[in-house]
Structure formats: C-alpha cells, structure tokens
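*Asks:* Attaching a single structure in structure tokens format; questions to follow.
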Amino acid sequence: MKKFDELMSVGSEIENISAEEAKQKLNDSNVQFIDVRDKESFSKGTIGNAIHMDRGLLEFYLAEGSPLENDIFKNNPDKEFVVFCGVGGQGTLATKTMKDMGVKNVKNISGGMAEWEKIKD
C-alpha cells in the first residue's frame with residue numbers, strides 16, 4: 001500500500017501558491033476559485049467567488065461527455081483555476097487530477113482554508 005508521503009509527493013508536479021498570492025487574484029475576472037471540500041464545509045464559508053466541486057466527483061465534472069461535465073472548463077480554456085481544500089491535501093490531489101485531465105492553468109493554495117483564514121482580513 002502507498003504511504004501518505006508518496007501520495008502527497010504529487011505536490012511537486014503541480015503549481016502551488018500561497019494564500020497571500022491567492023488573495024491578490026480575488027478580483028481578477030480571469031480567475032475562478034474552486035473549493036473541493038465537502039458541501040457542509042463549503043456552506044459555512046469559502047473564498048471569494050469559489051464554486052463547489054466535490055473532490056470525489058471531480059473527474060466527472062471534467063470529463064468531456066460526462067453527464068456531470070461542468071461547462072466552466074470547456075467554455076473557459078484560458079481561465080486560471082485556483083483550487084483549495086481545508087488544509088491542502090485534497091487540493092493538492094484535485095489540482096493534479098485537473099492537470100492530468102487537461103486543465104492548462106490550475107494552481108493549488110498551499111495549506112488551503114487553514115492558511116486563508118490566517119490572512120483573509
């Protein structure tokens with residue numbers, strides 16, 4: 001069985017940004033934040049204009065022809081996507097999945113909402 005450190009090593013294969021860097025993108029109309037936490041966490045608060053995309057269904061949102069395909073990816077190929085979760089693990093894996101499935105400009109917020117909460121004001 002794969003060890004946690006091995007699983008999270010994909011973090012070196014994606015682009016990670018700090019919460020401060022993400023904050024600078026909040027008002028950029030070419031940036032879409034994606035919250036991959038569970039629906040309950042999302043409903044308690046998120047970052048800016050973030051949309052909720054459950055990590056467990058991400059491949060279905062991305063796959064062309066899927067009944068759950070989300071048009072935001074197909075209709076905005078040049079948009080920058082900033083992914084986050086609670087503390088960084090799910091965001092890392094989701095960002096890697098998105099990159100592997102052809103999303104060109106996708107970044108992960110290192111430390112997720114936990115880091116965001118420290119700098120949001």
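Ligands are numbered from 1 in the order shown, chains are lettered A, B, ... in the order of the structure tokens, and residues start at 1 in each chain.
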Quick check for you: according to DSSP on this backbone, which residues of region 45-108 of chain A are classed as alpha helix (DSSP H)? Reply as a VMD selection string.

*Replies:* chain A and resid 58 to 62 71 to 74 89 to 100

*Asks:* If we count only C-alpha atoms, what is near Gly88 (chain A) at a cut-off of 10 Å, once residues fewer than 2 positions away on the same chain are taken out, given as a list in words?

*Replies:*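 Selected residues are Met8, Gly11, Asn16, Val83, Phe84, Cys85, Gly86, Gln90, Gly91, Thr92, Leu93, Ala94, Asn108, Ile109, Ser110, Gly111, Gly112, Met113, Ala114 and Glu115 of chain A.
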
*Asks:* Can you list, as a list in words, every residue of region 81-113 of chain A that DSSP puts in strand (DSSP E)?

*Replies:*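 Listing strand (DSSP E) positions across region 81-113 of chain A yields Phe81, Val82, Val83, Phe84, Val106, Lys107, Asn108 and Ile109 of chain A.
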
*Asks:* Can you write just those residues out, N, CA and C atoms, as a PDB file, in the first residue's frame?

*Replies:*
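Final file, selection36.pdb:
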ATOM      1  N   PHE A  81      -7.548  28.568 -12.812  1.00  0.00           N
ATOM      2  CA  PHE A  81      -8.310  27.926 -11.748  1.00  0.00           C
ATOM      3  C   PHE A  81      -7.431  27.797 -10.509  1.00  0.00           C
ATOM      4  N   VAL A  82      -7.961  28.248  -9.371  1.00  0.00           N
ATOM      5  CA  VAL A  82      -7.250  28.172  -8.104  1.00  0.00           C
ATOM      6  C   VAL A  82      -8.042  27.243  -7.199  1.00  0.00           C
ATOM      7  N   VAL A  83      -7.437  26.123  -6.861  1.00  0.00           N
ATOM      8  CA  VAL A  83      -8.081  25.061  -6.107  1.00  0.00           C
ATOM      9  C   VAL A  83      -7.663  25.135  -4.640  1.00  0.00           C
ATOM     10  N   PHE A  84      -8.604  24.793  -3.760  1.00  0.00           N
ATOM     11  CA  PHE A  84      -8.255  24.720  -2.340  1.00  0.00           C
ATOM     12  C   PHE A  84      -9.181  23.762  -1.611  1.00  0.00           C
ATOM     13  N   VAL A 106      -3.932  25.668 -13.729  1.00  0.00           N
ATOM     14  CA  VAL A 106      -4.526  25.315 -12.446  1.00  0.00           C
ATOM     15  C   VAL A 106      -3.458  25.355 -11.352  1.00  0.00           C
ATOM     16  N   LYS A 107      -3.839  25.951 -10.232  1.00  0.00           N
ATOM     17  CA  LYS A 107      -2.912  26.110  -9.104  1.00  0.00           C
ATOM     18  C   LYS A 107      -3.612  25.687  -7.823  1.00  0.00           C
ATOM     19  N   ASN A 108      -2.830  25.293  -6.847  1.00  0.00           N
ATOM     20  CA  ASN A 108      -3.331  24.877  -5.546  1.00  0.00           C
ATOM     21  C   ASN A 108      -2.880  25.873  -4.481  1.00  0.00           C
ATOM     22  N   ILE A 109      -3.790  26.212  -3.559  1.00  0.00           N
ATOM     23  CA  ILE A 109      -3.405  27.059  -2.430  1.00  0.00           C
ATOM     24  C   ILE A 109      -2.781  26.166  -1.369  1.00  0.00           C
TER      25      ILE A 109
END

*Asks:* When distances are computed from only C-alpha atoms, which of A:Lys23, A:Lys118, A:Arg55, A:Lys74 shows the smallest separation from Val36 (chain A)?

*Replies:*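 Comparing A:Lys23, A:Lys118, A:Arg55, A:Lys74 against Val36 (chain A), the winner is A:Arg55.
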
*Asks:* As an exercise, work out the distance from CA of Gly48 (chain A) to CA of Glu117 (chain A) in Å and give it to one decimal place.

*Replies:* 12.5 Å

*Asks:* Looking at only C-alpha atoms, which of A:Glu21, A:Leu26, A:Gly65, A:Pro77 is the one that sits closest to Thr46 (chain A)?

*Replies:* A:Leu26

*Asks:* Counting only C-alpha atoms, figure out which residue out of A:Lys2, A:Asn75, A:Glu80, A:Trp116 gets nearest to Val31 (chain A).

*Replies:*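 Result for the nearest residue to Val31 (chain A): A:Glu80.
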
*Asks:* Quick one: residues within 12 Å of Tyr61 (chain A), only C-alpha atoms, excluding same-chain residues fewer than 2 positions away - as a VMD selection string?

*Replies:* chain A and resid 34 36 52 to 59 63 to 74 94 97 to 98 101 103

*Asks:* Calculate how many Å separate CA of Glu13 (chain A) from CA of Lys96 (chain A), rounding to one decimal.

*Replies:*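 CA of Lys96 (chain A) lies 7.3 Å from CA of Glu13 (chain A).
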
*Asks:* Could you check the closest approach to Ala22 (chain A) for each of A:Thr95, A:Met1, A:Lys39, A:Ile47 and tell me which residue wins, using only C-alpha atoms?

*Replies:*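 Nearest to Ala22 (chain A): A:Ile47.
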
*Asks:* Given only C-alpha atoms as the basis, pick out the residue of A:Asp121, A:Asp78, A:Glu15, A:Asp5 nearest to Ser29 (chain A).

*Replies:*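 Smallest separation from Ser29 (chain A) among the options: A:Asp78.
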
*Asks:* Using only C-alpha atoms, which residues sit within 8 Å of Ile51 (chain A) once same-chain residues fewer than 3 positions away are excluded, as a PDB file with all heavy atoms, in the first residue's frame?

*Replies:*
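Result file follows (around-v4.pdb):
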ATOM      1  N   GLN A  32     -10.913  31.693 -11.463  1.00  0.00           N
ATOM      2  CA  GLN A  32     -12.040  31.027 -10.810  1.00  0.00           C
ATOM      3  C   GLN A  32     -11.502  30.169  -9.672  1.00  0.00           C
ATOM      4  O   GLN A  32     -10.686  29.282  -9.892  1.00  0.00           O
ATOM      5  CB  GLN A  32     -12.801  30.144 -11.803  1.00  0.00           C
ATOM      6  CG  GLN A  32     -13.947  29.377 -11.191  1.00  0.00           C
ATOM      7  CD  GLN A  32     -15.023  30.317 -10.658  1.00  0.00           C
ATOM      8  OE1 GLN A  32     -15.612  31.073 -11.405  1.00  0.00           O
ATOM      9  NE2 GLN A  32     -15.263  30.264  -9.354  1.00  0.00           N
ATOM     10  N   PHE A  33     -11.953  30.445  -8.462  1.00  0.00           N
ATOM     11  CA  PHE A  33     -11.585  29.638  -7.305  1.00  0.00           C
ATOM     12  C   PHE A  33     -12.492  28.415  -7.264  1.00  0.00           C
ATOM     13  O   PHE A  33     -13.691  28.504  -7.538  1.00  0.00           O
ATOM     14  CB  PHE A  33     -11.742  30.452  -6.018  1.00  0.00           C
ATOM     15  CG  PHE A  33     -10.636  31.453  -5.805  1.00  0.00           C
ATOM     16  CD1 PHE A  33     -10.603  32.640  -6.528  1.00  0.00           C
ATOM     17  CD2 PHE A  33      -9.625  31.205  -4.895  1.00  0.00           C
ATOM     18  CE1 PHE A  33      -9.588  33.563  -6.342  1.00  0.00           C
ATOM     19  CE2 PHE A  33      -8.599  32.121  -4.705  1.00  0.00           C
ATOM     20  CZ  PHE A  33      -8.576  33.303  -5.422  1.00  0.00           C
ATOM     21  N   ILE A  34     -11.912  27.265  -6.915  1.00  0.00           N
ATOM     22  CA  ILE A  34     -12.657  26.012  -6.825  1.00  0.00           C
ATOM     23  C   ILE A  34     -12.417  25.392  -5.454  1.00  0.00           C
ATOM     24  O   ILE A  34     -11.280  25.089  -5.089  1.00  0.00           O
ATOM     25  CB  ILE A  34     -12.252  25.036  -7.944  1.00  0.00           C
ATOM     26  CG1 ILE A  34     -12.581  25.650  -9.301  1.00  0.00           C
ATOM     27  CG2 ILE A  34     -12.941  23.683  -7.744  1.00  0.00           C
ATOM     28  CD1 ILE A  34     -12.214  24.808 -10.482  1.00  0.00           C
ATOM     29  N   ASP A  35     -13.498  25.224  -4.718  1.00  0.00           N
ATOM     30  CA  ASP A  35     -13.479  24.669  -3.369  1.00  0.00           C
ATOM     31  C   ASP A  35     -13.825  23.187  -3.468  1.00  0.00           C
ATOM     32  O   ASP A  35     -14.932  22.829  -3.854  1.00  0.00           O
ATOM     33  CB  ASP A  35     -14.518  25.416  -2.525  1.00  0.00           C
ATOM     34  CG  ASP A  35     -14.470  25.098  -1.055  1.00  0.00           C
ATOM     35  OD1 ASP A  35     -14.027  23.985  -0.698  1.00  0.00           O
ATOM     36  OD2 ASP A  35     -14.908  25.946  -0.263  1.00  0.00           O
TER      37      ASP A  35
END

*Asks:* Nearest to Asp28 (chain A): which of A:Lys104, A:Asn49, A:Glu6, A:Phe60 is it, counting only C-alpha atoms?

*Replies:*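 That would be A:Asn49, the residue with the smallest distance to Asp28 (chain A).
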
*Asks:* Could you please determine the separation between CA of Ala19 (chain A) and CA of Val87 (chain A) in Å, to one decimal place?

*Replies:*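 That distance, rounded to one decimal, is 11.4 Å.
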